[in-house]
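K.L.:
query.cif is reproduced in full below (mmCIF, C-alpha atoms).
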data_run
#
loop_
_atom_site.label_atom_id
_atom_site.label_comp_id
_atom_site.auth_asym_id
_atom_site.auth_seq_id
_atom_site.Cartn_x
_atom_site.Cartn_y
_atom_site.Cartn_z
CA MET A 243 60.46 -45.16 114.21
CA ALA A 244 58.00 -43.30 111.97
CA ARG A 245 57.99 -46.21 109.53
CA PHE A 246 57.43 -48.68 112.34
CA ILE A 247 54.52 -46.85 113.91
CA SER A 248 52.89 -45.88 110.62
CA GLY A 249 53.15 -49.46 109.40
CA LEU A 250 51.45 -50.82 112.50
CA LEU A 251 48.71 -48.22 112.20
CA LEU A 252 47.84 -49.21 108.63
CA GLY A 253 45.26 -51.76 109.68
CA ALA A 254 43.44 -49.16 111.69
CA LEU A 255 43.56 -46.66 108.87
CA VAL A 256 42.26 -49.09 106.27
CA CYS A 257 39.40 -50.41 108.34
CA SER A 258 38.34 -47.16 109.97
CA ALA A 259 37.71 -45.80 106.51
CA LEU A 260 35.38 -48.56 105.44
CA GLY A 261 32.36 -47.86 107.60
CA GLN A 262 30.98 -44.49 108.65
CA THR A 263 27.92 -42.92 110.19
CA THR A 264 25.33 -41.65 107.73
CA PRO A 265 22.56 -39.08 107.42
CA SER A 266 19.04 -40.07 108.36
CA SER A 267 18.14 -40.97 104.81
CA GLU A 268 16.83 -44.32 103.64
CA THR A 269 18.34 -43.74 100.20
CA PHE A 270 21.71 -42.85 101.67
CA GLU A 271 21.75 -45.93 103.88
CA THR A 272 20.60 -48.23 101.07
CA LEU A 273 23.39 -47.01 98.78
CA ARG A 274 25.98 -47.17 101.55
CA ARG A 275 25.06 -50.71 102.53
CA ALA A 276 24.92 -51.92 98.94
CA GLY A 277 28.26 -50.31 98.19
CA PHE A 278 30.07 -51.89 101.12
CA GLU A 279 28.39 -55.26 100.64
CA ALA A 280 29.85 -55.26 97.12
CA PHE A 281 33.13 -53.83 98.41
CA TYR A 282 33.65 -56.58 100.97
CA ASN A 283 32.71 -59.20 98.37
CA LEU A 284 35.41 -57.72 96.08
CA ASP A 285 32.88 -56.55 93.48
CA TYR A 286 34.64 -53.24 92.96
CA GLU A 287 32.66 -52.21 89.89
CA GLN A 288 29.32 -52.48 91.68
CA ALA A 289 30.76 -50.74 94.74
CA ARG A 290 32.01 -47.84 92.61
CA ARG A 291 28.60 -47.40 90.98
CA CYS A 292 26.90 -47.25 94.40
CA PHE A 293 29.40 -44.70 95.73
CA GLU A 294 29.15 -42.54 92.61
CA ARG A 295 25.37 -42.48 92.92
CA LEU A 296 25.63 -41.64 96.63
CA ASP A 297 28.00 -38.78 95.79
CA ALA A 298 25.65 -37.46 93.11
CA GLU A 299 22.54 -37.59 95.31
CA PHE A 300 24.25 -36.10 98.40
CA PRO A 301 26.63 -33.51 96.90
CA GLU A 302 27.39 -31.72 100.17
CA HIS A 303 28.15 -34.81 102.26
CA PRO A 304 31.78 -36.01 102.57
CA ALA A 305 30.84 -39.69 102.44
CA GLY A 306 30.58 -39.95 98.64
CA PRO A 307 34.09 -38.73 97.77
CA LEU A 308 35.53 -40.46 100.84
CA TYR A 309 34.13 -43.81 99.75
CA LEU A 310 35.33 -43.22 96.19
CA ALA A 311 38.83 -42.45 97.47
CA THR A 312 38.75 -45.59 99.61
CA HIS A 313 37.56 -47.56 96.59
CA ALA A 314 40.39 -46.24 94.39
CA TRP A 315 42.96 -47.09 97.05
CA ILE A 316 41.78 -50.58 98.04
CA GLU A 317 41.03 -51.62 94.46
CA TRP A 318 44.63 -50.77 93.52
CA LEU A 319 45.97 -52.80 96.44
CA ASN A 320 43.84 -55.76 95.41
CA ARG A 321 44.83 -55.49 91.74
CA THR A 322 48.53 -55.42 92.64
CA ARG A 323 48.16 -58.34 95.06
CA ARG A 324 48.89 -56.16 98.11
CA LEU A 325 45.67 -56.55 100.04
CA GLN A 326 47.14 -59.20 102.35
CA ALA A 327 47.74 -58.00 105.89
CA GLY A 328 51.00 -59.91 106.22
CA ILE A 329 52.84 -57.77 103.71
CA TYR A 330 52.71 -54.72 105.99
CA ILE A 331 54.46 -56.41 108.92
CA ASN A 332 57.27 -57.58 106.63
CA PRO A 333 60.30 -55.25 107.01
CA ALA A 334 60.95 -55.70 103.28
CA PHE A 335 57.82 -53.68 102.54
CA TYR A 336 59.49 -50.56 103.92
CA ALA A 337 62.65 -51.07 101.86
CA GLN A 338 60.95 -50.08 98.61
CA SER A 339 60.46 -46.34 98.51
CA GLU A 340 59.21 -45.60 95.02
CA ALA A 341 55.53 -45.30 94.14
CA ARG A 342 54.33 -47.76 91.52
CA VAL A 343 50.98 -46.18 90.77
CA SER A 344 50.25 -44.11 87.66
CA GLU A 345 49.94 -40.35 87.79
CA GLU A 346 46.35 -40.62 86.58
CA GLU A 347 45.42 -42.95 89.45
CA GLN A 348 47.13 -40.68 91.96
CA GLN A 349 45.23 -37.66 90.66
CA ARG A 350 41.92 -39.52 90.85
CA PHE A 351 42.54 -40.47 94.47
CA ARG A 352 43.68 -36.96 95.40
CA ALA A 353 40.62 -35.37 93.83
CA HIS A 354 38.28 -37.62 95.83
CA ILE A 355 40.06 -37.25 99.18
CA GLU A 356 40.42 -33.46 98.85
CA ARG A 357 36.68 -33.14 98.18
CA ALA A 358 35.92 -35.28 101.23
CA ILE A 359 38.11 -33.10 103.46
CA GLU A 360 36.68 -29.89 102.02
CA ARG A 361 33.09 -31.02 102.61
CA ALA A 362 33.79 -32.13 106.19
CA GLU A 363 35.60 -28.88 106.98
CA ALA A 364 32.79 -26.81 105.44
CA ARG A 365 30.28 -28.51 107.73
CA LEU A 366 32.51 -27.93 110.76
CA GLN A 367 32.92 -24.26 109.87
CA ALA A 368 29.15 -23.94 109.75
CA ASN A 369 28.72 -25.88 113.01
CA GLY A 370 31.67 -26.75 115.20
CA GLU A 371 29.48 -29.18 117.16
CA ASP A 372 28.85 -31.37 114.10
CA VAL A 373 30.27 -34.65 115.45
CA GLU A 374 29.49 -36.56 112.28
CA ALA A 375 31.45 -34.08 110.15
CA ARG A 376 34.41 -34.36 112.53
CA TYR A 377 34.25 -38.12 112.27
CA PHE A 378 34.35 -37.96 108.47
CA LEU A 379 37.24 -35.50 108.62
CA GLY A 380 39.23 -37.97 110.72
CA ALA A 381 38.25 -40.81 108.41
CA ALA A 382 39.48 -38.85 105.38
CA TYR A 383 42.86 -38.33 107.01
CA ALA A 384 42.94 -42.02 107.88
CA VAL A 385 42.42 -42.96 104.24
CA LEU A 386 45.03 -40.43 103.16
CA ALA A 387 47.54 -41.88 105.64
CA GLY A 388 46.92 -45.42 104.47
CA TYR A 389 47.29 -44.42 100.83
CA GLU A 390 50.51 -42.49 101.46
CA ALA A 391 52.07 -45.44 103.29
CA THR A 392 50.91 -48.41 101.23
CA VAL A 393 50.92 -46.87 97.75
CA LEU A 394 53.22 -43.83 97.76
CA ARG A 395 55.59 -45.08 100.52
CA LYS A 396 55.68 -41.62 102.10
CA PHE A 397 55.89 -42.89 105.65
CA PHE A 398 56.47 -39.64 107.56
CA SER A 399 53.62 -37.98 105.71
CA ALA A 400 51.45 -41.02 106.45
CA LEU A 401 52.35 -40.78 110.11
CA ARG A 402 51.25 -37.12 110.26
CA SER A 403 47.95 -37.88 108.56
CA GLY A 404 47.40 -40.88 110.82
CA PHE A 405 47.92 -38.85 113.97
CA ARG A 406 45.47 -36.25 112.64
CA ALA A 407 42.89 -38.99 112.14
CA VAL A 408 43.32 -40.26 115.69
CA LYS A 409 43.14 -36.70 117.04
CA GLU A 410 39.81 -36.04 115.30
CA HIS A 411 38.31 -39.36 116.41
CA ARG A 412 39.40 -38.81 119.99
CA GLU A 413 37.60 -35.49 119.88
CA VAL A 414 34.53 -37.27 118.55
CA LEU A 415 34.62 -39.61 121.57
CA ARG A 416 35.15 -36.70 123.95
CA ARG A 417 31.99 -35.08 122.63
CA ASP A 418 30.03 -38.33 122.29
CA PRO A 419 31.49 -41.27 124.29
CA GLN A 420 28.86 -43.62 122.80
CA PHE A 421 30.07 -43.04 119.23
CA ALA A 422 31.25 -46.65 118.94
CA ASP A 423 32.48 -46.32 115.36
CA ALA A 424 35.16 -43.82 116.43
CA LYS A 425 36.55 -46.39 118.88
CA LEU A 426 38.02 -48.39 116.00
CA THR A 427 40.85 -46.04 115.03
CA VAL A 428 41.48 -44.89 118.60
CA GLY A 429 41.43 -48.47 119.86
CA LEU A 430 44.05 -49.75 117.47
CA TYR A 431 46.19 -46.68 118.08
CA GLU A 432 46.06 -47.39 121.81
CA TYR A 433 46.94 -51.03 121.19
CA VAL A 434 49.86 -50.28 118.87
CA VAL A 435 51.47 -47.67 121.09
CA GLY A 436 50.83 -49.77 124.17
CA SER A 437 52.56 -52.73 122.52
CA LEU A 438 55.81 -50.89 121.75
CA PRO A 439 58.98 -52.10 123.49
CA LEU A 440 59.57 -50.33 126.79
CA ALA A 441 62.52 -48.26 125.57
CA VAL A 442 60.60 -47.06 122.54
CA LYS A 443 57.51 -46.45 124.66
CA VAL A 444 59.50 -44.16 126.95
CA LEU A 445 60.81 -42.18 123.98
CA VAL A 446 57.43 -41.68 122.35
CA ALA A 447 55.88 -40.80 125.72
CA LEU A 448 58.26 -37.85 125.87
CA GLY A 449 56.53 -36.59 122.75
CA GLY A 450 53.11 -36.98 124.35
CA ILE A 451 52.31 -40.29 122.63
CA ARG A 452 50.84 -42.83 125.05
CA GLY A 453 48.78 -45.96 124.73
CA SER A 454 47.48 -49.03 126.52
CA ARG A 455 47.36 -52.48 124.95
CA GLU A 456 44.52 -53.59 127.21
CA ARG A 457 42.50 -50.42 126.60
CA GLY A 458 43.07 -50.76 122.88
CA ILE A 459 41.66 -54.29 122.81
CA GLU A 460 38.70 -53.16 124.89
CA LEU A 461 37.90 -50.32 122.47
CA LEU A 462 38.23 -52.60 119.44
CA GLU A 463 35.90 -55.14 121.01
CA GLU A 464 33.38 -52.37 121.79
CA ALA A 465 33.53 -51.28 118.13
CA ALA A 466 32.98 -54.89 117.01
CA ARG A 467 30.12 -55.35 119.46
CA SER A 468 28.36 -51.98 119.23
CA GLY A 469 29.58 -50.26 116.09
CA ARG A 470 26.69 -49.43 113.83
CA TYR A 471 28.75 -49.51 110.65
CA VAL A 472 32.28 -50.67 111.54
CA ALA A 473 31.58 -53.93 113.36
CA ASP A 474 33.04 -56.08 110.57
CA ASP A 475 35.99 -53.73 110.20
CA ALA A 476 36.72 -54.08 113.92
CA ARG A 477 36.45 -57.86 113.69
CA THR A 478 38.96 -57.82 110.83
CA LEU A 479 41.45 -55.91 112.96
CA LEU A 480 40.81 -58.06 116.01
CA ILE A 481 41.92 -61.12 114.04
CA ALA A 482 45.48 -59.77 113.88
CA VAL A 483 45.34 -58.54 117.47
CA TYR A 484 44.07 -61.86 118.80
CA TYR A 485 46.80 -63.71 116.90
CA ARG A 486 49.45 -61.46 118.39
CA GLU A 487 47.98 -62.02 121.86
CA GLY A 488 47.92 -65.79 121.43
CA ARG A 489 44.11 -65.93 121.31
CA PHE A 490 44.11 -68.21 118.27
CA SER A 491 40.64 -69.71 118.70
CA ASP A 492 39.14 -66.21 118.86
CA ALA A 493 40.96 -65.22 115.67
CA VAL A 494 39.75 -68.31 113.80
CA ARG A 495 36.19 -67.74 115.07
CA LEU A 496 36.12 -64.19 113.70
CA LEU A 497 37.54 -65.30 110.37
CA GLU A 498 34.87 -67.96 110.03
CA GLU A 499 32.18 -65.37 110.80
CA LEU A 500 33.50 -63.08 108.06
CA ILE A 501 33.82 -65.95 105.57
CA ALA A 502 30.16 -66.81 106.15
CA ARG A 503 29.10 -63.19 105.74
CA TYR A 504 31.21 -62.47 102.63
CA PRO A 505 31.54 -65.78 100.78
CA ARG A 506 32.98 -64.18 97.62
CA ASN A 507 35.90 -62.63 99.49
CA TYR A 508 38.70 -65.16 99.12
CA LEU A 509 41.01 -63.01 101.28
CA PHE A 510 39.26 -64.08 104.48
CA GLY A 511 39.66 -67.73 103.52
CA LEU A 512 43.30 -67.08 102.71
CA GLU A 513 43.89 -65.43 106.08
CA ARG A 514 42.24 -68.38 107.81
CA ALA A 515 44.46 -70.87 105.97
CA ASN A 516 47.57 -68.84 106.80
CA LEU A 517 46.56 -68.60 110.44
CA LEU A 518 45.97 -72.34 110.71
CA MET A 519 49.42 -73.00 109.27
CA ARG A 520 51.06 -70.53 111.67
CA ILE A 521 49.50 -72.16 114.73
CA GLY A 522 50.60 -75.64 113.66
CA GLU A 523 47.33 -76.99 112.25
CA ARG A 524 49.08 -78.08 109.06
CA ALA A 525 46.59 -80.70 107.84
CA GLU A 526 43.63 -78.35 108.23
CA ALA A 527 45.59 -75.48 106.69
CA VAL A 528 46.50 -77.58 103.65
CA ARG A 529 42.85 -78.52 103.19
CA ALA A 530 41.89 -74.85 103.41
CA PHE A 531 44.46 -73.80 100.80
CA GLU A 532 43.50 -76.66 98.49
CA ASP A 533 39.81 -75.79 98.80
CA LEU A 534 40.57 -72.20 97.78
CA LEU A 535 42.56 -73.37 94.76
CA ALA A 536 39.73 -75.69 93.73
CA GLN A 537 37.02 -73.03 93.70
CA PRO A 538 36.22 -71.75 90.18
CA THR A 539 35.14 -68.40 91.66
CA TYR A 540 38.74 -67.71 92.67
CA ARG A 541 40.36 -68.68 89.37
CA GLU A 542 41.59 -65.14 88.69
CA THR A 543 43.45 -65.05 92.01
CA GLN A 544 45.10 -68.46 91.81
CA ASP A 545 48.53 -66.82 91.68
CA LEU A 546 48.17 -65.10 95.05
CA ILE A 547 46.51 -68.10 96.70
CA ARG A 548 49.25 -70.45 95.54
CA TYR A 549 51.99 -67.98 96.46
CA GLN A 550 50.55 -67.55 99.97
CA TYR A 551 50.22 -71.34 100.22
CA ALA A 552 53.92 -71.70 99.38
CA GLU A 553 54.91 -68.88 101.72
CA ALA A 554 52.96 -70.39 104.62
CA LEU A 555 54.68 -73.73 104.07
CA PHE A 556 58.08 -72.02 103.83
CA GLN A 557 57.60 -70.05 107.05
CA SER A 558 56.43 -73.19 108.86
CA GLY A 559 59.52 -75.17 107.85
CA TYR A 560 58.04 -77.31 105.07
CA LYS A 561 60.61 -76.21 102.49
CA GLN A 562 60.22 -79.09 100.00
CA ALA A 563 56.44 -78.65 99.80
CA ALA A 564 56.93 -74.89 99.50
CA LEU A 565 59.36 -75.36 96.59
CA HIS A 566 56.70 -77.24 94.64
CA HIS A 567 54.19 -74.42 94.95
CA PHE A 568 56.69 -71.60 94.31
CA ARG A 569 57.61 -73.38 91.08
CA ARG A 570 53.94 -73.58 90.16
CA VAL A 571 53.70 -69.79 90.60
CA VAL A 572 56.59 -69.00 88.24
CA ALA A 573 55.15 -71.44 85.71
CA MET A 574 51.79 -69.63 85.58
CA ASP A 575 51.43 -67.50 82.45
CA ASP A 576 49.05 -65.03 84.10
CA ALA A 577 50.67 -64.78 87.54
CA HIS A 578 51.33 -61.25 88.75
CA ALA A 579 54.90 -60.17 87.90
CA ASP A 580 55.71 -59.24 91.51
CA LEU A 581 54.68 -62.65 92.79
CA LYS A 582 56.84 -64.35 90.17
CA THR A 583 59.85 -62.27 91.23
CA LEU A 584 59.34 -63.11 94.91
CA ALA A 585 58.79 -66.77 94.05
CA HIS A 586 62.10 -66.93 92.12
CA LEU A 587 63.81 -65.48 95.20
CA ARG A 588 62.27 -68.10 97.48
CA ILE A 589 63.18 -70.90 95.07
CA GLY A 590 66.79 -69.74 95.17
CA GLN A 591 66.77 -69.70 98.97
CA ILE A 592 65.33 -73.22 99.19
CA LEU A 593 67.86 -74.52 96.66
CA ASP A 594 70.65 -72.96 98.73
CA LEU A 595 69.34 -74.80 101.81
CA ARG A 596 69.48 -78.03 99.77
CA GLY A 597 73.09 -77.35 98.79
CA GLU A 598 72.25 -76.76 95.11
CA ARG A 599 74.35 -73.62 94.88
CA ARG A 600 74.53 -73.17 91.11
CA ALA A 601 70.81 -73.65 90.66
CA ALA A 602 70.17 -71.17 93.48
CA GLN A 603 72.44 -68.56 91.87
CA ALA A 604 70.55 -68.96 88.60
CA GLN A 605 67.33 -68.06 90.42
CA TYR A 606 68.91 -64.96 92.00
CA ARG A 607 70.07 -63.83 88.56
CA LEU A 608 66.52 -64.23 87.28
CA VAL A 609 65.33 -61.98 90.10
CA LEU A 610 67.84 -59.30 89.05
CA GLN A 611 66.60 -59.47 85.46
CA ARG A 612 63.07 -58.65 86.58
CA GLU A 613 61.58 -55.43 87.94
CA ASP A 614 62.42 -54.96 91.62
CA VAL A 615 59.73 -55.55 94.22
CA LEU A 616 60.13 -54.85 97.93
CA ASP A 617 63.84 -55.60 98.56
CA ALA A 618 64.11 -58.57 96.15
CA HIS A 619 67.10 -57.16 94.24
CA GLU A 620 69.01 -56.40 97.41
CA GLN A 621 68.41 -59.92 98.70
CA ALA A 622 69.32 -61.51 95.37
CA ARG A 623 72.65 -59.68 95.26
CA ARG A 624 73.33 -60.65 98.88
CA TYR A 625 72.70 -64.34 98.26
CA LEU A 626 74.70 -64.36 95.06
CA ARG A 627 77.68 -63.42 97.23
CA LYS A 628 76.86 -65.71 100.15
CA PRO A 629 74.44 -68.67 100.24
CA TYR A 630 71.14 -68.26 102.00
CA SER A 631 70.88 -70.04 105.37
CA GLU A 632 68.30 -70.29 108.12
CA SER A 633 70.29 -67.72 110.11
CA SER A 634 69.90 -65.25 107.22
CA ARG A 635 66.20 -64.73 108.00
#
Any chance you could give the structure as structure tokens?

P.N.:
Amino acid sequence: MARFISGLLLGALVCSALGQTTPSSETFETLRRAGFEAFYNLDYEQARRCFERLDAEFPEHPAGPLYLATHAWIEWLNRTRRLQAGIYINPAFYAQSEARVSEEEQQRFRAHIERAIERAEARLQANGEDVEARYFLGAAYAVLAGYEATVLRKFFSALRSGFRAVKEHREVLRRDPQFADAKLTVGLYEYVVGSLPLAVKVLVALGGIRGSRERGIELLEEAARSGRYVADDARTLLIAVYYREGRFSDAVRLLEELIARYPRNYLFGLERANLLMRIGERAEAVRAFEDLLAQPTYRETQDLIRYQYAEALFQSGYKQAALHHFRRVVAMDDAHADLKTLAHLRIGQILDLRGERRAAQAQYRLVLQREDVLDAHEQARRYLRKPYSESSR
């Protein structure tokens, strides 16, 4: 259950860390805005420079190291092609337990997040009524939880940190109900817990964990409407919530708003294309994927775009079209190794569905010759023994 809840909370933890309240300083606000403008446009180098300068000019404020920790975490996810929301609702994500990040990168993240926590706690020790410091303390634990789950795969530890984040942000709202930014983490927590199956909901309620799906949506919408710094983060989360609630037009509308605001962020365009495919707008989805592939700006991420294109077609039942694009992925010299492994697995599955058993087995053997990713090796061994079928999903 810890893996399930912590996985669902990841969206809240990622986005609640991206926007925070700030001191009444024009310099601080200028650096913060510039940093996150670059961050959302995937210009990680420029974002890092802004956050480093903010840290240097405000050495007692937790924002600098918190933003640097967030930068280190999200940049790693992007570099390893794991910044797509869909990966975290895939049960296969939780099958891989080992961390795949270097010790140096782990130490860098830890140093930043520990400084952020220390600074927030120092301010609270000096003044227990410092709502802003409490907010940053909760945000630091949110980032820590997200990192532990998505990078280190320490799900129980992530769950503890996530609950601490929600606790601190609830206290912020108790002290200042108009603190709209704090409604982001609390809102998604309410939504997630409120969406649990009844039997699970009863069990977690015995431990004092309660939530309301309706209240969660309301809080998220308030954060999107009134949040001073987290409005775009709340909109990003609401896309997934609206999809789950069947409010597809609302989800597409928010994606189009974010695409217009951050034109260099191909991930929003990719999410829109995926969403269109999932709701049956195949022709429009294909145009959206093809447009992304045609843009020179996104040349370095062609592997992920094409893989997601193939995966969307596969999940929507267009297996022959998916096969074409999965084969294009494995043929790319510069495609990320993990995507190639997953593409070989999908090719094998599609060939099994076509009755081409020997060719499918050859693909599964290729998967086993490569480094494991998610549960690819387990699946490859399974389908070497027994052909993949639609009922296997």

K.L.:
Determine the nearest neighbour of A:Ala364 from the options A:Arg506, A:Leu273, A:Tyr560, A:His303, counting only C-alpha atoms.

P.N.:
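Checking each of A:Arg506, A:Leu273, A:Tyr560, A:His303 against A:Ala364, counting only C-alpha atoms, the winner is A:His303.
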
K.L.:
With all atoms listed in the file as the counted atoms, please give the residues lying no more than 9 Å from stretch 520-529 of chain A, apart from itself and same-chain residues fewer than 5 positions off, as a ChimeraX atom specification.

P.N.:
/A:490,514-515,534,551,554-555,557-558

K.L.:
Just how far from atom CA of A:His578 is atom CA of A:Gly597, in Å to one decimal?

P.N.:
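Distance reported for this atom pair: 28.9 Å.
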
K.L.:
So which residues fall inside 7 Å of (46.1, -46.8, 123.1) if we count all atoms listed in the file? Mind giving them as a list in words?

P.N.:
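It turns out the residues near that spot are Val428, Gly429, Leu430, Tyr431, Glu432, Tyr433, Val434, Val435, Gly436, Arg452, Gly453, Ser454, Arg455, Arg457 and Gly458 of chain A.
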
K.L.:
Expanded to explicit residues, what is the PyMOL selection byres ((chain A and resi 411) around 12) for this file, as number ranges by chain?

P.N.:
A: 255, 258-259, 262, 373-384, 404-410, 412-419, 421-431

K.L.:
Extract, using only C-alpha atoms, all DNA, RNA and protein residues at most 12 Å from A:Ala276, discarding same-chain residues fewer than 5 positions from it, and format them as a list in words.

P.N.:
Thr269, Phe270, Glu271, Phe281, Tyr282, Asn283, Asp285, Tyr286, Glu287, Gln288, Ala289, Arg290, Arg291, Cys292, Phe293, Arg295 and Leu296 of chain A

K.L.:
Take atom CA of A:Arg541 and atom CA of A:Ile501 and report the distance between them in Å, one decimal.

P.N.:
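Spanning atom CA of A:Arg541 to atom CA of A:Ile501 is a straight-line distance of 17.7 Å.
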
K.L.:
I'd like the box whose edges run along x, y and z of the file and which contains every listed atom of stretch 345-352 of chain A, padded by 8 Å per side; could you state its centre and edge lengths in Å, one decimal, as lines of an AutoDock Vina configuration file?

P.N.:
center_x = 45.9
center_y = -40.0
center_z = 91.0
size_x = 24.0
size_y = 22.0
size_z = 24.8

K.L.:
Might you pull out every residue within 12 Å of A:Ser491, with all atoms listed in the file counted and same-chain residues fewer than 3 positions away left off, and present them as a PyMOL selection string?

P.N.:
chain A and resi 480-481+484-485+487-488+494-498+514+517-518+521+523

K.L.:
Just to confirm, what's the straight-line distance from atom CA of A:Ala391 to atom CA of A:Asp475 in Å (one decimal)?

P.N.:
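Atom-to-atom, atom CA of A:Ala391 to atom CA of A:Asp475, that is 19.4 Å.
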